[in-house]
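Source file: protein34.tsv (TSV, C-alpha atoms and all ligand atoms)
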chain	number	residue	atom	x	y	z
A	145	MET	CA	24.89	-9.52	-39.77
A	146	THR	CA	24.75	-6.59	-37.38
A	147	LYS	CA	25.94	-6.78	-33.81
A	148	ALA	CA	22.36	-6.80	-32.52
A	149	GLU	CA	21.52	-9.83	-34.63
A	150	HIS	CA	24.45	-11.63	-33.07
A	151	GLN	CA	23.22	-11.18	-29.52
A	152	ALA	CA	22.87	-14.61	-27.99
A	153	ARG	CA	19.49	-14.06	-26.35
A	154	PRO	CA	16.56	-11.67	-26.08
A	155	THR	CA	17.59	-8.44	-24.35
A	156	PRO	CA	15.31	-6.37	-22.11
A	157	ARG	CA	14.78	-2.69	-22.94
A	158	ALA	CA	17.27	-0.20	-21.50
A	159	GLY	CA	16.73	0.27	-17.78
A	160	ILE	CA	14.80	-2.94	-17.08
A	161	MET	CA	17.81	-4.74	-15.57
A	162	ASP	CA	18.43	-1.73	-13.27
A	163	ILE	CA	15.15	-2.49	-11.48
A	164	GLU	CA	15.46	-4.00	-8.03
A	165	ALA	CA	12.65	-6.54	-7.74
A	166	TYR	CA	10.06	-6.05	-4.99
A	167	VAL	CA	10.66	-8.26	-1.96
A	168	PRO	CA	7.38	-9.37	-0.36
A	169	GLY	CA	7.04	-9.85	3.40
A	170	LYS	CA	8.33	-13.14	4.78
A	171	SER	CA	5.70	-15.74	5.56
A	172	THR	CA	7.46	-18.64	7.24
A	173	ALA	CA	8.38	-19.40	10.86
A	174	PRO	CA	10.87	-21.97	12.13
A	175	ALA	CA	9.50	-25.53	12.25
A	176	GLY	CA	7.28	-26.23	15.24
A	177	VAL	CA	6.68	-22.56	16.08
A	178	LYS	CA	3.24	-20.97	15.66
A	179	LEU	CA	3.36	-18.40	12.86
A	180	PHE	CA	2.10	-14.83	13.26
A	181	LYS	CA	2.47	-13.12	9.88
A	182	LEU	CA	2.73	-9.42	10.62
A	183	SER	CA	4.75	-8.52	7.55
A	184	SER	CA	2.22	-7.60	4.85
A	185	ASN	CA	-0.48	-5.47	6.49
A	186	GLU	CA	-3.18	-8.08	6.05
A	187	ASN	CA	-6.36	-8.03	8.12
A	188	PRO	CA	-5.94	-10.01	11.38
A	189	LEU	CA	-9.71	-10.64	11.33
A	190	GLY	CA	-9.39	-12.38	7.96
A	191	PRO	CA	-11.77	-12.08	5.01
A	192	SER	CA	-15.43	-11.26	5.51
A	193	PRO	CA	-17.32	-14.55	6.09
A	194	LYS	CA	-19.63	-13.39	3.30
A	195	ALA	CA	-16.68	-13.09	0.92
A	196	ILE	CA	-15.60	-16.64	1.76
A	197	GLU	CA	-19.11	-17.85	0.99
A	198	ALA	CA	-19.23	-15.92	-2.30
A	199	ALA	CA	-15.85	-17.30	-3.38
A	200	ARG	CA	-17.04	-20.84	-2.65
A	201	ALA	CA	-20.24	-20.26	-4.58
A	202	VAL	CA	-18.40	-19.20	-7.74
A	203	ALA	CA	-16.06	-22.21	-7.68
A	204	GLY	CA	-18.48	-24.40	-9.63
A	205	ARG	CA	-18.59	-21.84	-12.47
A	206	LEU	CA	-14.87	-21.29	-12.97
A	207	ASP	CA	-15.15	-22.47	-16.58
A	208	ILE	CA	-16.93	-19.21	-17.48
A	209	TYR	CA	-14.98	-16.01	-18.26
A	210	PRO	CA	-15.63	-13.16	-15.83
A	211	ASP	CA	-17.44	-9.97	-16.85
A	212	GLY	CA	-14.54	-8.02	-18.39
A	213	SER	CA	-15.84	-4.69	-17.07
A	214	ALA	CA	-16.57	-6.03	-13.56
A	215	ARG	CA	-19.84	-4.07	-13.77
A	216	ARG	CA	-21.55	-5.49	-10.68
A	217	LEU	CA	-18.43	-4.95	-8.60
A	218	ARG	CA	-18.11	-1.35	-9.82
A	219	GLU	CA	-21.77	-0.81	-8.96
A	220	ALA	CA	-21.26	-2.20	-5.46
A	221	ILE	CA	-18.24	0.06	-4.92
A	222	GLY	CA	-20.19	3.01	-6.34
A	223	GLU	CA	-23.10	2.32	-4.03
A	224	VAL	CA	-20.96	2.06	-0.89
A	225	HIS	CA	-18.82	5.14	-1.63
A	226	GLY	CA	-21.42	7.25	-3.46
A	227	LEU	CA	-19.52	7.19	-6.77
A	228	ASN	CA	-20.53	6.86	-10.40
A	229	PRO	CA	-19.48	3.32	-11.50
A	230	ALA	CA	-18.46	4.79	-14.88
A	231	ASN	CA	-15.56	6.53	-13.12
A	232	ILE	CA	-14.27	3.29	-11.59
A	233	VAL	CA	-11.83	0.72	-13.02
A	234	CYS	CA	-11.20	-2.52	-11.13
A	235	SER	CA	-7.85	-4.27	-11.23
A	236	ASN	CA	-5.76	-7.24	-10.18
A	237	GLY	CA	-4.67	-5.51	-6.98
A	238	SER	CA	-4.15	-1.75	-6.99
A	239	ASP	CA	-0.55	-2.45	-8.02
A	240	GLU	CA	-1.88	-3.25	-11.49
A	241	ILE	CA	-3.52	0.19	-11.77
A	242	LEU	CA	-0.28	1.88	-10.70
A	243	GLY	CA	1.56	-0.03	-13.42
A	244	LEU	CA	-1.02	0.83	-16.06
A	245	LEU	CA	-0.96	4.53	-15.20
A	246	THR	CA	2.84	4.68	-15.50
A	247	GLN	CA	2.71	2.80	-18.79
A	248	ILE	CA	0.08	5.20	-20.13
A	249	TYR	CA	1.35	8.58	-18.90
A	250	LEU	CA	5.14	8.19	-18.82
A	251	SER	CA	7.42	8.19	-21.86
A	252	PRO	CA	11.15	7.45	-21.69
A	253	GLY	CA	12.87	10.53	-20.26
A	254	ASP	CA	9.81	11.75	-18.37
A	255	GLU	CA	9.98	12.26	-14.62
A	256	ALA	CA	7.77	10.95	-11.81
A	257	ILE	CA	7.97	12.33	-8.29
A	258	PHE	CA	7.56	10.51	-4.98
A	259	THR	CA	9.01	10.90	-1.49
A	260	GLU	CA	12.04	9.21	0.07
A	261	HIS	CA	10.17	6.64	2.17
A	262	ALA	CA	7.33	6.09	-0.31
A	263	PHE	CA	5.87	2.70	-1.22
A	264	MET	CA	8.53	0.88	-3.26
A	265	VAL	CA	6.32	-0.23	-6.12
A	266	TYR	CA	6.24	3.35	-7.57
A	267	LYS	CA	9.94	3.29	-8.35
A	268	ILE	CA	9.70	-0.11	-10.04
A	269	TYR	CA	6.89	0.96	-12.37
A	270	VAL	CA	8.50	4.30	-13.19
A	271	GLN	CA	11.73	2.54	-14.15
A	272	ALA	CA	9.80	-0.10	-16.09
A	273	ALA	CA	8.28	2.72	-18.16
A	274	GLY	CA	11.78	4.01	-18.96
A	275	ALA	CA	11.13	7.18	-16.98
A	276	LYS	CA	13.16	8.84	-14.25
A	277	PRO	CA	12.23	8.46	-10.57
A	278	VAL	CA	12.61	11.79	-8.75
A	279	VAL	CA	12.84	11.16	-5.02
A	280	VAL	CA	12.25	14.09	-2.66
A	281	LYS	CA	13.01	14.47	1.06
A	282	GLU	CA	10.37	14.10	3.73
A	283	ILE	CA	10.05	16.03	6.99
A	284	ASN	CA	9.59	13.94	10.14
A	285	GLU	CA	8.87	10.86	8.02
A	286	ARG	CA	5.99	12.63	6.30
A	287	ALA	CA	5.62	13.85	2.71
A	288	ASP	CA	6.70	17.48	2.28
A	289	VAL	CA	4.43	19.32	-0.16
A	290	ASP	CA	6.87	22.19	-0.70
A	291	ALA	CA	9.69	19.80	-1.59
A	292	MET	CA	7.43	17.88	-3.94
A	293	LEU	CA	6.34	21.05	-5.73
A	294	ALA	CA	9.92	22.29	-5.91
A	295	ALA	CA	10.88	19.08	-7.75
A	296	VAL	CA	8.39	19.62	-10.58
A	297	THR	CA	9.99	20.31	-13.99
A	298	SER	CA	8.68	20.46	-17.54
A	299	ARG	CA	9.40	16.70	-17.75
A	300	THR	CA	7.26	15.79	-14.73
A	301	LYS	CA	4.23	13.71	-15.74
A	302	ILE	CA	3.21	11.92	-12.52
A	303	VAL	CA	3.29	12.71	-8.80
A	304	PHE	CA	2.62	9.81	-6.42
A	305	LEU	CA	1.32	10.34	-2.91
A	306	ALA	CA	0.64	7.33	-0.70
A	307	ASN	CA	-1.79	8.73	1.83
A	308	PRO	CA	-1.30	7.31	4.37
A	309	ASN	CA	2.14	6.10	3.35
A	310	ASN	CA	3.55	2.62	3.78
A	311	PRO	CA	5.86	1.91	5.69
A	312	THR	CA	5.67	5.12	7.78
A	313	GLY	CA	1.92	5.23	8.43
A	314	THR	CA	1.96	9.04	8.30
A	315	TYR	CA	-0.59	11.03	6.29
A	316	LEU	CA	-1.21	14.45	4.80
A	317	PRO	CA	-4.39	16.25	5.87
A	318	PHE	CA	-6.74	17.25	3.07
A	319	ASP	CA	-5.69	20.91	3.00
A	320	GLU	CA	-2.10	19.80	2.31
A	321	VAL	CA	-3.20	17.44	-0.47
A	322	ARG	CA	-5.22	20.28	-1.95
A	323	ARG	CA	-2.19	22.57	-1.76
A	324	LEU	CA	-0.10	19.94	-3.55
A	325	HIS	CA	-2.70	19.61	-6.29
A	326	ALA	CA	-3.09	23.39	-6.65
A	327	GLY	CA	0.64	23.74	-7.25
A	328	LEU	CA	0.83	21.15	-10.03
A	329	PRO	CA	0.57	21.98	-13.74
A	330	ALA	CA	-2.69	20.68	-15.27
A	331	ASN	CA	-0.84	18.09	-17.39
A	332	VAL	CA	0.70	16.36	-14.35
A	333	LEU	CA	-1.22	13.35	-13.04
A	334	LEU	CA	-1.56	13.23	-9.25
A	335	ILE	CA	-2.01	9.64	-8.03
A	336	LEU	CA	-3.48	9.46	-4.54
A	337	ASP	CA	-2.78	5.94	-3.30
A	338	ALA	CA	-5.27	5.44	-0.50
A	339	ALA	CA	-4.55	1.77	0.22
A	340	TYR	CA	-5.18	2.27	3.95
A	341	ALA	CA	-8.10	4.74	3.74
A	342	GLU	CA	-10.48	2.40	5.59
A	343	TYR	CA	-8.29	2.50	8.69
A	344	VAL	CA	-7.76	6.26	8.97
A	345	ARG	CA	-9.70	7.83	11.85
A	346	ARG	CA	-8.92	11.52	11.40
A	347	ASN	CA	-11.35	14.32	10.66
A	348	ASP	CA	-8.87	16.19	8.48
A	349	TYR	CA	-8.25	13.17	6.20
A	350	GLU	CA	-9.86	12.75	2.79
A	351	ALA	CA	-8.90	9.76	0.63
A	352	GLY	CA	-9.25	11.64	-2.67
A	353	ILE	CA	-12.89	11.38	-3.73
A	354	GLU	CA	-13.46	15.12	-3.47
A	355	LEU	CA	-10.34	16.05	-5.41
A	356	VAL	CA	-11.00	13.52	-8.19
A	357	GLY	CA	-14.55	14.81	-8.51
A	358	SER	CA	-13.42	18.38	-9.03
A	359	SER	CA	-10.39	18.03	-11.32
A	360	GLU	CA	-9.13	16.40	-14.50
A	361	ASN	CA	-5.68	15.30	-13.32
A	362	VAL	CA	-6.24	13.34	-10.11
A	363	VAL	CA	-6.95	9.65	-9.54
A	364	MET	CA	-7.46	7.76	-6.31
A	365	THR	CA	-6.37	4.11	-6.05
A	366	ARG	CA	-7.82	1.73	-3.49
A	367	THR	CA	-7.38	-1.90	-2.52
A	368	PHE	CA	-9.25	-4.75	-0.88
A	369	SER	CA	-5.92	-6.25	0.22
A	370	LYS	CA	-5.59	-4.57	3.61
A	371	ILE	CA	-9.19	-5.17	4.63
A	372	GLY	CA	-9.29	-8.94	4.14
A	373	LEU	CA	-8.71	-9.94	0.50
A	374	GLY	CA	-4.95	-9.77	-0.07
A	375	GLY	CA	-4.95	-13.18	-1.71
A	376	ALA	CA	-7.81	-12.36	-4.08
A	377	ARG	CA	-5.79	-9.55	-5.72
A	378	LEU	CA	-8.38	-6.82	-6.05
A	379	GLY	CA	-7.98	-3.07	-6.34
A	380	TRP	CA	-9.73	-0.17	-8.01
A	381	MET	CA	-9.25	3.34	-9.28
A	382	TYR	CA	-11.61	6.29	-9.18
A	383	GLY	CA	-10.80	8.91	-11.78
A	384	PRO	CA	-11.97	11.30	-14.48
A	385	LEU	CA	-13.58	9.66	-17.53
A	386	ALA	CA	-10.68	10.53	-19.85
A	387	ILE	CA	-8.23	8.64	-17.62
A	388	VAL	CA	-10.66	5.75	-17.09
A	389	ASP	CA	-11.00	5.52	-20.88
A	390	ALA	CA	-7.23	5.32	-21.37
A	391	VAL	CA	-6.81	2.66	-18.65
A	392	ASN	CA	-9.62	0.57	-20.13
A	393	ARG	CA	-7.83	0.53	-23.49
A	394	VAL	CA	-4.57	-0.79	-22.04
A	395	ARG	CA	-5.62	-3.18	-19.28
A	396	GLY	CA	-6.09	-6.89	-19.89
A	397	PRO	CA	-9.66	-7.56	-21.07
A	398	PHE	CA	-10.32	-9.90	-18.08
A	399	ASN	CA	-7.89	-8.43	-15.57
A	400	VAL	CA	-10.14	-9.17	-12.57
A	401	ASN	CA	-10.94	-12.84	-12.08
A	402	ALA	CA	-14.39	-14.26	-11.27
A	403	THR	CA	-13.50	-15.21	-7.68
A	404	ALA	CA	-12.17	-11.73	-6.92
A	405	ILE	CA	-15.29	-10.10	-8.40
A	406	GLU	CA	-17.72	-12.15	-6.28
A	407	ALA	CA	-15.61	-11.99	-3.10
A	408	GLY	CA	-15.17	-8.25	-3.63
A	409	ILE	CA	-18.89	-7.57	-3.96
A	410	ALA	CA	-19.68	-9.56	-0.82
A	411	SER	CA	-16.76	-8.01	1.05
A	412	ILE	CA	-17.53	-4.36	0.36
A	413	ARG	CA	-21.22	-4.87	1.23
A	414	ASP	CA	-20.25	-6.43	4.59
A	415	ARG	CA	-19.94	-3.11	6.38
A	416	GLU	CA	-20.05	-4.85	9.76
A	417	HIS	CA	-16.90	-6.82	9.06
A	418	ILE	CA	-15.14	-3.65	7.93
A	419	ALA	CA	-16.33	-1.76	11.01
A	420	ARG	CA	-15.14	-4.60	13.26
A	421	SER	CA	-11.74	-4.65	11.52
A	422	VAL	CA	-11.35	-0.87	11.84
A	423	ALA	CA	-12.36	-0.89	15.53
A	424	HIS	CA	-9.91	-3.72	16.27
A	425	ASN	CA	-7.16	-1.77	14.53
A	426	GLU	CA	-7.92	1.46	16.35
A	427	GLN	CA	-7.74	-0.26	19.73
A	428	TRP	CA	-4.54	-2.25	19.11
A	429	LEU	CA	-2.66	0.39	17.13
A	430	ALA	CA	-2.95	2.64	20.18
A	431	TRP	CA	-2.05	-0.20	22.56
A	432	LEU	CA	1.04	-1.24	20.58
A	433	THR	CA	2.23	2.36	20.18
A	434	GLU	CA	1.99	2.83	23.93
A	435	GLU	CA	3.70	-0.48	24.77
A	436	PHE	CA	6.62	0.05	22.40
A	437	THR	CA	7.08	3.63	23.55
A	438	ARG	CA	7.14	2.41	27.14
A	439	LEU	CA	9.93	0.00	26.15
A	440	GLY	CA	11.93	3.01	24.96
A	441	LEU	CA	11.39	2.41	21.25
A	442	ARG	CA	10.40	5.31	19.02
A	443	VAL	CA	7.24	4.68	16.99
A	444	THR	CA	6.33	6.81	13.98
A	445	PRO	CA	2.74	8.04	14.58
A	446	SER	CA	0.65	5.82	12.29
A	447	VAL	CA	-2.92	6.08	11.02
A	448	GLY	CA	-2.72	2.79	9.10
A	449	ASN	CA	-2.97	-0.84	10.20
A	450	PHE	CA	0.76	-1.11	10.90
A	451	LEU	CA	3.48	0.74	12.74
A	452	LEU	CA	7.10	1.58	12.16
A	453	VAL	CA	9.27	0.81	15.21
A	454	HIS	CA	12.74	2.33	15.48
A	455	PHE	CA	15.61	0.74	17.36
A	456	SER	CA	18.41	2.58	19.12
A	457	GLU	CA	20.78	4.47	16.90
A	458	ALA	CA	23.72	3.47	19.09
A	459	GLU	CA	23.37	-0.21	18.18
A	460	ARG	CA	23.40	-0.18	14.38
A	461	HIS	CA	22.09	-3.70	13.96
A	462	SER	CA	19.50	-3.95	16.64
A	463	ALA	CA	16.54	-3.94	14.23
A	464	ALA	CA	18.01	-6.96	12.47
A	465	LYS	CA	18.76	-8.63	15.80
A	466	ALA	CA	15.23	-7.91	17.03
A	467	ASP	CA	13.87	-9.33	13.79
A	468	ASP	CA	15.85	-12.55	14.27
A	469	TYR	CA	14.70	-12.77	17.88
A	470	LEU	CA	11.03	-12.29	16.93
A	471	THR	CA	11.22	-14.62	13.92
A	472	ALA	CA	12.58	-17.42	16.10
A	473	ARG	CA	9.40	-17.05	18.19
A	474	GLY	CA	7.07	-17.02	15.19
A	475	TYR	CA	6.52	-13.25	14.94
A	476	ILE	CA	7.26	-12.26	11.37
A	477	LEU	CA	7.71	-8.50	10.96
A	478	ARG	CA	9.01	-6.56	7.98
A	479	ARG	CA	12.54	-5.25	7.56
A	480	VAL	CA	12.47	-1.86	5.90
A	481	ALA	CA	16.10	-1.06	5.11
A	482	GLY	CA	15.10	-0.80	1.44
A	483	TYR	CA	12.73	2.01	2.40
A	484	GLY	CA	15.52	4.04	3.97
A	485	PHE	CA	15.04	2.65	7.50
A	486	PRO	CA	18.04	0.41	8.21
A	487	ASN	CA	17.27	0.33	11.92
A	488	ALA	CA	13.50	-0.07	12.07
A	489	LEU	CA	10.90	-2.80	11.67
A	490	ARG	CA	7.36	-2.50	10.38
A	491	MET	CA	4.73	-4.45	12.24
A	492	THR	CA	1.18	-5.09	11.07
A	493	VAL	CA	-1.42	-4.78	13.82
A	494	GLY	CA	-2.34	-8.39	14.53
A	495	THR	CA	-4.69	-10.40	16.66
A	496	GLU	CA	-4.69	-9.75	20.40
A	497	GLU	CA	-2.53	-12.86	20.86
A	498	ALA	CA	0.01	-11.68	18.27
A	499	ASN	CA	0.14	-8.11	19.61
A	500	ARG	CA	0.66	-9.15	23.22
A	501	GLY	CA	3.18	-11.75	22.10
A	502	VAL	CA	5.29	-9.25	20.16
A	503	ALA	CA	5.23	-6.71	23.00
A	504	ALA	CA	6.35	-9.38	25.50
A	505	ALA	CA	9.03	-10.76	23.18
A	506	LEU	CA	10.41	-7.28	22.44
A	507	SER	CA	10.57	-6.53	26.14
A	508	GLU	CA	12.57	-9.74	26.66
A	509	PHE	CA	14.78	-8.92	23.69
A	510	LEU	CA	15.65	-5.47	25.00
A	511	LYS	CA	16.44	-6.87	28.44
A	512	SER	CA	18.77	-9.46	26.89
A	513	GLN	CA	20.51	-6.68	24.92
A	514	ASN	CA	20.99	-4.52	28.02
A	515	ASN	CA	22.47	-7.42	29.93
A	516	ALA	CA	24.74	-8.51	27.13
A	601	LIG	C1	-0.46	-2.70	-0.08
A	601	LIG	C2	-0.33	-1.43	-0.80
A	601	LIG	C3	-0.82	-1.25	-2.11
A	601	LIG	C4	-1.43	-2.24	-2.99
A	601	LIG	O1	-1.72	-3.41	-2.83
A	601	LIG	P1	-2.50	-4.37	-3.79
A	601	LIG	O2	-2.49	-5.59	-2.99
A	601	LIG	O3	-1.76	-4.46	-5.07
A	601	LIG	O4	-3.87	-3.79	-3.98
A	601	LIG	C5	-0.72	-0.01	-2.69
A	601	LIG	N1	-0.15	1.02	-2.07
A	601	LIG	C6	0.31	0.90	-0.82
A	601	LIG	C7	0.89	2.10	-0.19
A	601	LIG	C8	0.26	-0.32	-0.16
A	601	LIG	O5	0.77	-0.43	1.06

If you convert what's in this file into structure tokens, what do you get?
Amino acid sequence: MTKAEHQARPTPRAGIMDIEAYVPGKSTAPAGVKLFKLSSNENPLGPSPKAIEAARAVAGRLDIYPDGSARRLREAIGEVHGLNPANIVCSNGSDEILGLLTQIYLSPGDEAIFTEHAFMVYKIYVQAAGAKPVVVKEINERADVDAMLAAVTSRTKIVFLANPNNPTGTYLPFDEVRRLHAGLPANVLLILDAAYAEYVRRNDYEAGIELVGSSENVVMTRTFSKIGLGGARLGWMYGPLAIVDAVNRVRGPFNVNATAIEAGIASIRDREHIARSVAHNEQWLAWLTEEFTRLGLRVTPSVGNFLLVHFSEAERHSAAKADDYLTARGYILRRVAGYGFPNALRMTVGTEEANRGVAAALSEFLKSQNNA
């Protein structure tokens, strides 16, 4: 017998055990304390009431397989965004699409580029594909197009851009995205992850629809998670037909479940609920930024539904202390040391009650630190 045959148990492919598993936001508060979950960028206004109704309505038919191509959902998305449904693939969260694209376009030894504070899931999928993550520096907590282009080699197959990025909330204006695309070889896939596109209120922002429509090597990924359906697990990709074709060959035949399909259709057609959610976010993102700044905390300028709050450099552990202080009072924020921010917390814009509560608690916390 060879050595391999003597191995005591199944062994993962090279590189798999180097992956650091994704750590989701916390979701528990101490006993007896009201919980405000501000750790996963969910919609404080909840799901669309119409999506709730649609999910209930499908419950009695859960014995029936869903439509494997999610045709009616793709048509609803196409209608709302003015896209051809043939260029859309739906998925079990947009994470699934990111995983499929890495599986399809990366071979062992290939390289994939993303920036230093980019969404952590990219690295996991790149490693899972046996490829090499190439991490490039940002400038002022924002993706740097020149650095990204400088990192391209003959082995580069994918470039990821979260726009806006999580956990920074910063974004690249469309002319910068266009410049990035123009500098990439035609065989490199540019993935524009527009998970927070609904929330961006900037004239110079474009989620990716234009660039996908005019090129062969760009896809845009989107999600329902941040606009009210995180628990349904529903995302989608808009891309050129050749890429859509490849993804459709590899994805699970029924990757989107029946509840997600019906809730998704109702949700995307409920433009009022989306408008209300976006207006709420716009108001409270500005309010929170102002309050935290007034408290002397630096806030990275965000266009998403969350903000990154930095604690004083002098006190190395104050973000962790602030997190403990807030958690004890039911305010669950996200630690982001794994994203290269050991002294910051990410907070999702919450309900008015949650937002005012966090601002008041942080004010108290800082006072207690100064008096200590
Ligand atoms: C939340 C998030 C996603 C994806 O979420 P899904 O729930 O899998 O759709 C993708 N990219 C970024 C940057 C995110 O913050």

Best match for closeness to Lys281 in chain A among A:Val296, A:Ala262, A:Ile405, A:Ala341, counting only C-alpha atoms: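 Checking each of A:Val296, A:Ala262, A:Ile405, A:Ala341 against Lys281 in chain A, counting only C-alpha atoms, the winner is A:Ala262.
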
Counting all atoms listed in the file, what residues are within 9 Å of ligand LIG 601 (chain A), given as a tab-separated table (two decimals) with C-alpha atoms, keeping the file's coordinate frame?
chain	number	residue	atom	x	y	z
A	184	SER	CA	2.22	-7.60	4.85
A	185	ASN	CA	-0.48	-5.47	6.49
A	186	GLU	CA	-3.18	-8.08	6.05
A	235	SER	CA	-7.85	-4.27	-11.23
A	236	ASN	CA	-5.76	-7.24	-10.18
A	237	GLY	CA	-4.67	-5.51	-6.98
A	238	SER	CA	-4.15	-1.75	-6.99
A	239	ASP	CA	-0.55	-2.45	-8.02
A	240	GLU	CA	-1.88	-3.25	-11.49
A	241	ILE	CA	-3.52	0.19	-11.77
A	242	LEU	CA	-0.28	1.88	-10.70
A	262	ALA	CA	7.33	6.09	-0.31
A	263	PHE	CA	5.87	2.70	-1.22
A	264	MET	CA	8.53	0.88	-3.26
A	265	VAL	CA	6.32	-0.23	-6.12
A	266	TYR	CA	6.24	3.35	-7.57
A	305	LEU	CA	1.32	10.34	-2.91
A	306	ALA	CA	0.64	7.33	-0.70
A	307	ASN	CA	-1.79	8.73	1.83
A	308	PRO	CA	-1.30	7.31	4.37
A	309	ASN	CA	2.14	6.10	3.35
A	310	ASN	CA	3.55	2.62	3.78
A	311	PRO	CA	5.86	1.91	5.69
A	337	ASP	CA	-2.78	5.94	-3.30
A	338	ALA	CA	-5.27	5.44	-0.50
A	339	ALA	CA	-4.55	1.77	0.22
A	340	TYR	CA	-5.18	2.27	3.95
A	365	THR	CA	-6.37	4.11	-6.05
A	366	ARG	CA	-7.82	1.73	-3.49
A	367	THR	CA	-7.38	-1.90	-2.52
A	368	PHE	CA	-9.25	-4.75	-0.88
A	369	SER	CA	-5.92	-6.25	0.22
A	370	LYS	CA	-5.59	-4.57	3.61
A	373	LEU	CA	-8.71	-9.94	0.50
A	374	GLY	CA	-4.95	-9.77	-0.07
A	375	GLY	CA	-4.95	-13.18	-1.71
A	376	ALA	CA	-7.81	-12.36	-4.08
A	377	ARG	CA	-5.79	-9.55	-5.72
A	378	LEU	CA	-8.38	-6.82	-6.05
A	379	GLY	CA	-7.98	-3.07	-6.34
A	380	TRP	CA	-9.73	-0.17	-8.01

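Interatomic distance, CA of Leu452 in chain A against CA of Val177 in chain A: 24.5 Å.
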
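Going from CA of Ala199 in chain A to CA of Asn401 in chain A covers 10.9 Å.
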
Within 12 Å of range 420-422 of chain A using all atoms listed in the file, minus same-chain residues under 6 positions, as a PyMOL selection string: chain A and resi 186-192+340-345+370-372+414+428-429+447-449+493-495

With a distance cut-off of 7 Å and all atoms listed in the file, select the neighbouring residues of range 332-336 of chain A, excluding the residue or stretch itself and same-chain residues fewer than 2 positions from it, and output the selection as a ChimeraX atom specification. /A:300-307,328-330,338,352,361-365

One residue among A:Ala423, A:Ala466, A:Leu489, A:Ala407 is nearest to Phe509 in chain A when using only C-alpha atoms, and that residue is A:Ala466

CA of Ile412 in chain A to CA of Ile221 in chain A, straight-line distance in Å: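 So the answer is 6.9 Å.
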
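Closest approach to Asp468 in chain A from the set A:Ile163, A:Ala173, A:Ser446, A:Ala504 is made by A:Ala173, with distances taken over all atoms listed in the file.
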
Go through A:Thr259, A:Asn228, A:Gln271, A:Ser183 and flag the residue nearest Gly159 in chain A, using only C-alpha atoms for the distances.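 Of A:Thr259, A:Asn228, A:Gln271, A:Ser183, the one nearest Gly159 in chain A is A:Gln271, counting only C-alpha atoms.
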